[in-house]
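Beneath this line is the structure, given in structure tokens, with notes to follow.
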Amino acid sequence: MKLRIEKAVAIPLLFLMLLPPLAMLALGHQFGDSVLDKIPFAVADHDNSTLSRTLVKLIRENETFDVRLFADTDKQIEDGIFRGDIAAAIVIPSNYERDVTNGQETRLLLICDNTQMSAAGAAKGKVSEILGTLRAGSQPPAMRSRLGLSVQQVNPGKSSSIFSLHGSLLSMVQIAVFVLALEITRKSDIRKPWAAIRNTSLCGLCGALSISAVTAIQVLRFDFPFHGSVPAWSLLAFLYLIGIAALGVLVRYWKKDKESAVEMTSMLMMMMILSGYSYPASAMPKPLQIASSFIPFAHYGIPLRNIMLMGHGFAEVLPDIRWVVGFIALAWGAFVALGALPAGRKEAHCAQAVAE
């Protein structure tokens with residue numbers, strides 16, 4: 001029996017510890033714009049001024065771009081994109097330097113092949129950085145404020161896809177923790193509150209190690225920012241995954257068998273959608289806006305992302321930590337309450353719950 005239990009636990013444990021980091025490695029190359037370089041690029045300089053030539057020089061020297069075409073007409077750029085020779089191009093209008101120097105509004109045009117979304121997003125981000133370099137350089141103040149960029153057929157922001165992927169992996173980890181808690185918990189464990197608390201803590205620790213590996217790969221391999229507090233990030237992830245493991249133990253108690261308990265993972269899959277992580281809660285109908293604040297993932301995925309991107313620390317995520325601690329306290333309190341019930345009453349209570 002002991003060997004059978006170890007085999008049952010090994011599969012979800014391996015799933016939890018290996019699959020999310022491997023998925024980050026495999027999919028990060030596809031969705032991480034930061035790894036792109038040598039994008040086939042074209043330039044149409046209709047101004048041929050000192051400012052425009054400086055901009056072209058910066059583009060040529062940047063490793064993100066492989067300038068393959070210096071176009072005389074916009075038609076040459078269009079033909080190059082349709083042939084697949086280039087993925088993006090910049091068009092500098094005539095009188096560009098004069099308009100900028102005189103403080104008049106003028107815009108560069110970035111044209112992208114939107115069938116190559118990663119290349120389009122990377123090109124937009126890097127051209128914006130180059131323009132920022134010009135603004136901060138030795139140009140007159142009027143020029144710093146007037147250098148601009150308009151975009152045609154360009155993909156949204158550079159990091160949106162990779163952080164959507166990160167959110168999906170956060171959700172994957174919580175599902176794996178939930179299933180692991182189901183597998184290592186026997187019905188008799190609920191009569192031993194400390195055994196249930198121990199199991200949930202171990203599952204939470206395994207989940208925290210898994211998502212830490214995912215985030216380390218994202219930051220170290222794909223150069224994504226981590227501006228905030230590592231201890232705050234680690235504590236929140238650990239506590240939240242303890243709560244999810246505790247939820248798994250409770251579901252294991254209330255459900256007739258493991259198979260029906262595993263079906264409850266669909267509830268966890270909906271958390272990311274309704275939490276406001278991938279779609280702003282403020283844009284949802286009012287009832288869903290209210291409900292989103294009670295969804296556990298909203299106090300996990302969003303604060304972790306804010307720590308990484310916005311530099312949040314303990315002060316900013318303390319309300320979420322308190323919420324998660326309350327969530328754990330309720331679950332552990334349920335373990336103690338159920339453990340205090342007489343055996344006969346517990347069995348009848350469980351049968352009634354299954355019938356409902």
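Labeling convention for the structure tokens: chains A, B, ... as they appear, residues from 1 per chain, ligands from 1 in order of appearance.
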
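Near Arg322 in chain A, within 12 Å and counting only C-alpha atoms, sit Leu235, Leu236, Leu239, Tyr240, Pro296, His299, Tyr300, Phe314, Ala315, Glu316, Val317, Leu318, Pro319, Val325, Gly326, Phe327, Ile328 and Ala329 of chain A, not including residues fewer than 3 positions from it in the same chain.
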
Please, could you write that set of residues out with N, CA and C atoms as an mmCIF file, in the first residue's frame?
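Wrote part_13.cif, looks like this:
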data_model
loop_
_atom_site.group_PDB
_atom_site.id
_atom_site.type_symbol
_atom_site.label_atom_id
_atom_site.label_comp_id
_atom_site.auth_asym_id
_atom_site.auth_seq_id
_atom_site.Cartn_x
_atom_site.Cartn_y
_atom_site.Cartn_z
ATOM 1 N N LEU A 235 7.207 35.177 0.059
ATOM 2 C CA LEU A 235 6.252 34.930 1.141
ATOM 3 C C LEU A 235 4.826 34.846 0.610
ATOM 4 N N LEU A 236 4.459 35.771 -0.270
ATOM 5 C CA LEU A 236 3.100 35.766 -0.799
ATOM 6 C C LEU A 236 2.835 34.500 -1.609
ATOM 7 N N LEU A 239 2.531 31.463 0.902
ATOM 8 C CA LEU A 239 1.288 31.475 1.670
ATOM 9 C C LEU A 239 0.085 31.153 0.794
ATOM 10 N N TYR A 240 0.056 31.749 -0.402
ATOM 11 C CA TYR A 240 -1.096 31.502 -1.271
ATOM 12 C C TYR A 240 -1.202 30.023 -1.645
ATOM 13 N N PRO A 296 -9.356 34.252 -4.937
ATOM 14 C CA PRO A 296 -7.990 34.133 -4.393
ATOM 15 C C PRO A 296 -6.895 34.527 -5.376
ATOM 16 N N HIS A 299 -5.354 37.937 -5.379
ATOM 17 C CA HIS A 299 -4.430 38.279 -4.307
ATOM 18 C C HIS A 299 -3.124 37.499 -4.431
ATOM 19 N N TYR A 300 -2.895 36.969 -5.616
ATOM 20 C CA TYR A 300 -1.702 36.148 -5.888
ATOM 21 C C TYR A 300 -1.045 36.580 -7.186
ATOM 22 N N PHE A 314 6.832 44.974 0.645
ATOM 23 C CA PHE A 314 5.904 44.491 1.662
ATOM 24 C C PHE A 314 4.760 45.478 1.902
ATOM 25 N N ALA A 315 5.057 46.766 1.884
ATOM 26 C CA ALA A 315 4.022 47.758 2.190
ATOM 27 C C ALA A 315 2.869 47.684 1.198
ATOM 28 N N GLU A 316 3.202 47.511 -0.078
ATOM 29 C CA GLU A 316 2.148 47.496 -1.108
ATOM 30 C C GLU A 316 1.358 46.191 -1.119
ATOM 31 N N VAL A 317 2.014 45.064 -0.833
ATOM 32 C CA VAL A 317 1.317 43.767 -0.928
ATOM 33 C C VAL A 317 0.830 43.271 0.421
ATOM 34 N N LEU A 318 1.035 44.063 1.490
ATOM 35 C CA LEU A 318 0.589 43.623 2.816
ATOM 36 C C LEU A 318 -0.908 43.332 2.874
ATOM 37 N N PRO A 319 -1.779 44.143 2.239
ATOM 38 C CA PRO A 319 -3.207 43.779 2.250
ATOM 39 C C PRO A 319 -3.475 42.410 1.624
ATOM 40 N N VAL A 325 -3.520 35.122 4.438
ATOM 41 C CA VAL A 325 -3.402 34.548 5.780
ATOM 42 C C VAL A 325 -4.796 34.240 6.343
ATOM 43 N N GLY A 326 -5.742 35.146 6.109
ATOM 44 C CA GLY A 326 -7.119 34.885 6.542
ATOM 45 C C GLY A 326 -7.720 33.672 5.847
ATOM 46 N N PHE A 327 -7.407 33.525 4.560
ATOM 47 C CA PHE A 327 -7.868 32.372 3.783
ATOM 48 C C PHE A 327 -7.316 31.069 4.378
ATOM 49 N N ILE A 328 -6.022 31.069 4.730
ATOM 50 C CA ILE A 328 -5.403 29.891 5.334
ATOM 51 C C ILE A 328 -6.017 29.618 6.707
ATOM 52 N N ALA A 329 -6.226 30.681 7.487
ATOM 53 C CA ALA A 329 -6.783 30.513 8.833
ATOM 54 C C ALA A 329 -8.168 29.872 8.780
#

Within 9 Å of Gly248 in chain A using only C-alpha atoms, minus same-chain residues under 2 positions, as a PyMOL selection string
chain A and resi 177-182+185+200+243-246+250-253+261-262+264

Let's have the selection written as an mmCIF file, in the first residue's frame, with C-alpha atoms.
data_model
loop_
_atom_site.group_PDB
_atom_site.id
_atom_site.type_symbol
_atom_site.label_atom_id
_atom_site.label_comp_id
_atom_site.auth_asym_id
_atom_site.auth_seq_id
_atom_site.Cartn_x
_atom_site.Cartn_y
_atom_site.Cartn_z
ATOM 1 C CA VAL A 177 -0.559 22.055 -5.938
ATOM 2 C CA PHE A 178 -4.304 21.419 -5.616
ATOM 3 C CA VAL A 179 -3.989 17.976 -7.249
ATOM 4 C CA LEU A 180 -0.891 17.104 -5.190
ATOM 5 C CA ALA A 181 -2.808 17.918 -1.996
ATOM 6 C CA LEU A 182 -5.613 15.617 -3.135
ATOM 7 C CA THR A 185 -4.323 13.319 1.661
ATOM 8 C CA THR A 200 -0.757 21.678 3.028
ATOM 9 C CA GLY A 243 -4.116 28.099 0.942
ATOM 10 C CA ILE A 244 -4.733 26.351 -2.384
ATOM 11 C CA ALA A 245 -3.379 23.078 -0.933
ATOM 12 C CA ALA A 246 -5.718 23.486 2.055
ATOM 13 C CA LEU A 250 -11.088 20.157 2.069
ATOM 14 C CA VAL A 251 -12.370 19.180 -1.364
ATOM 15 C CA ARG A 252 -10.877 15.723 -0.854
ATOM 16 C CA TYR A 253 -12.871 15.433 2.359
ATOM 17 C CA ALA A 261 -12.412 15.931 -6.447
ATOM 18 C CA VAL A 262 -10.011 16.434 -9.378
ATOM 19 C CA MET A 264 -12.912 20.806 -9.153
#

Phe41 in chain A surroundings by only C-alpha atoms, 10 Å radius, close-in-sequence under 3 positions cut, as a list in words
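Counting only C-alpha atoms, the residues come to Lys38, Ile59, Arg60, Thr64, Phe65, Asp66, Val67, Arg68, Leu69, Phe70, Ile77, Gly80, Ile81, Asp85, Ile86, Ala87, Ala88, Ala89, Ile90, Ile111, Cys112 and Ala123 of chain A.
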
For a quick check of understanding, using only C-alpha atoms, which of A:Leu131, A:Val43, A:Ala298, A:Val219 has the smallest distance to Ile273 in chain A?
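Comparing A:Leu131, A:Val43, A:Ala298, A:Val219 against Ile273 in chain A, the winner is A:Ala298.
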
Which of A:Ala334, A:Val9, A:Leu16, A:Leu247 sits closest to Ser210 in chain A [using only C-alpha atoms]
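Closest to Ser210 in chain A of all the choices is A:Leu16.
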
Please, which residues of range 38-119 of chain A, numbered as in this document, come out alpha helix (DSSP H) from DSSP, as a ChimeraX atom specification?
/A:50-61,74-83,96-101,117-119

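In this model, the gap between CA of Pro93 in chain A and CA of Ile130 in chain A comes to 17.2 Å.
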
Could you tell me, as a list of chain:residue names, which residues of range 46-143 of chain A DSSP assigns to strand (DSSP E or B) when given the backbone?
A:Phe65, A:Asp66, A:Val67, A:Arg68, A:Leu69, A:Phe70, A:Ala88, A:Ala89, A:Ile90, A:Val91, A:Ile92, A:Leu108, A:Leu109, A:Leu110, A:Ile111, A:Cys112

Which is closest to Lys192 in chain A among A:Ala26, A:Val336, A:Leu19, A:Val91, if we use only C-alpha atoms?
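Ranked by minimum distance to Lys192 in chain A, first place goes to A:Val336.
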
Spatial neighbours of range 310-312 of chain A, 12 Å, only C-alpha atoms, chain gap at least 4 places, as a PyMOL selection string:
chain A and resi 225-233+302-306+316-318

From the list A:Leu338, A:Val249, A:Leu109, A:Leu165, which residue is nearest Arg198 in chain A when using only C-alpha atoms?
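Smallest distance to Arg198 in chain A is found for A:Val249.
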
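Rounded to one decimal, CA of Ala196 in chain A and CA of His166 in chain A lie 29.6 Å from each other.
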
Using only C-alpha atoms, the residue out of A:Gly339, A:Asp223, A:Phe294, A:Arg53 with shortest distance to Trp323 in chain A is A:Phe294
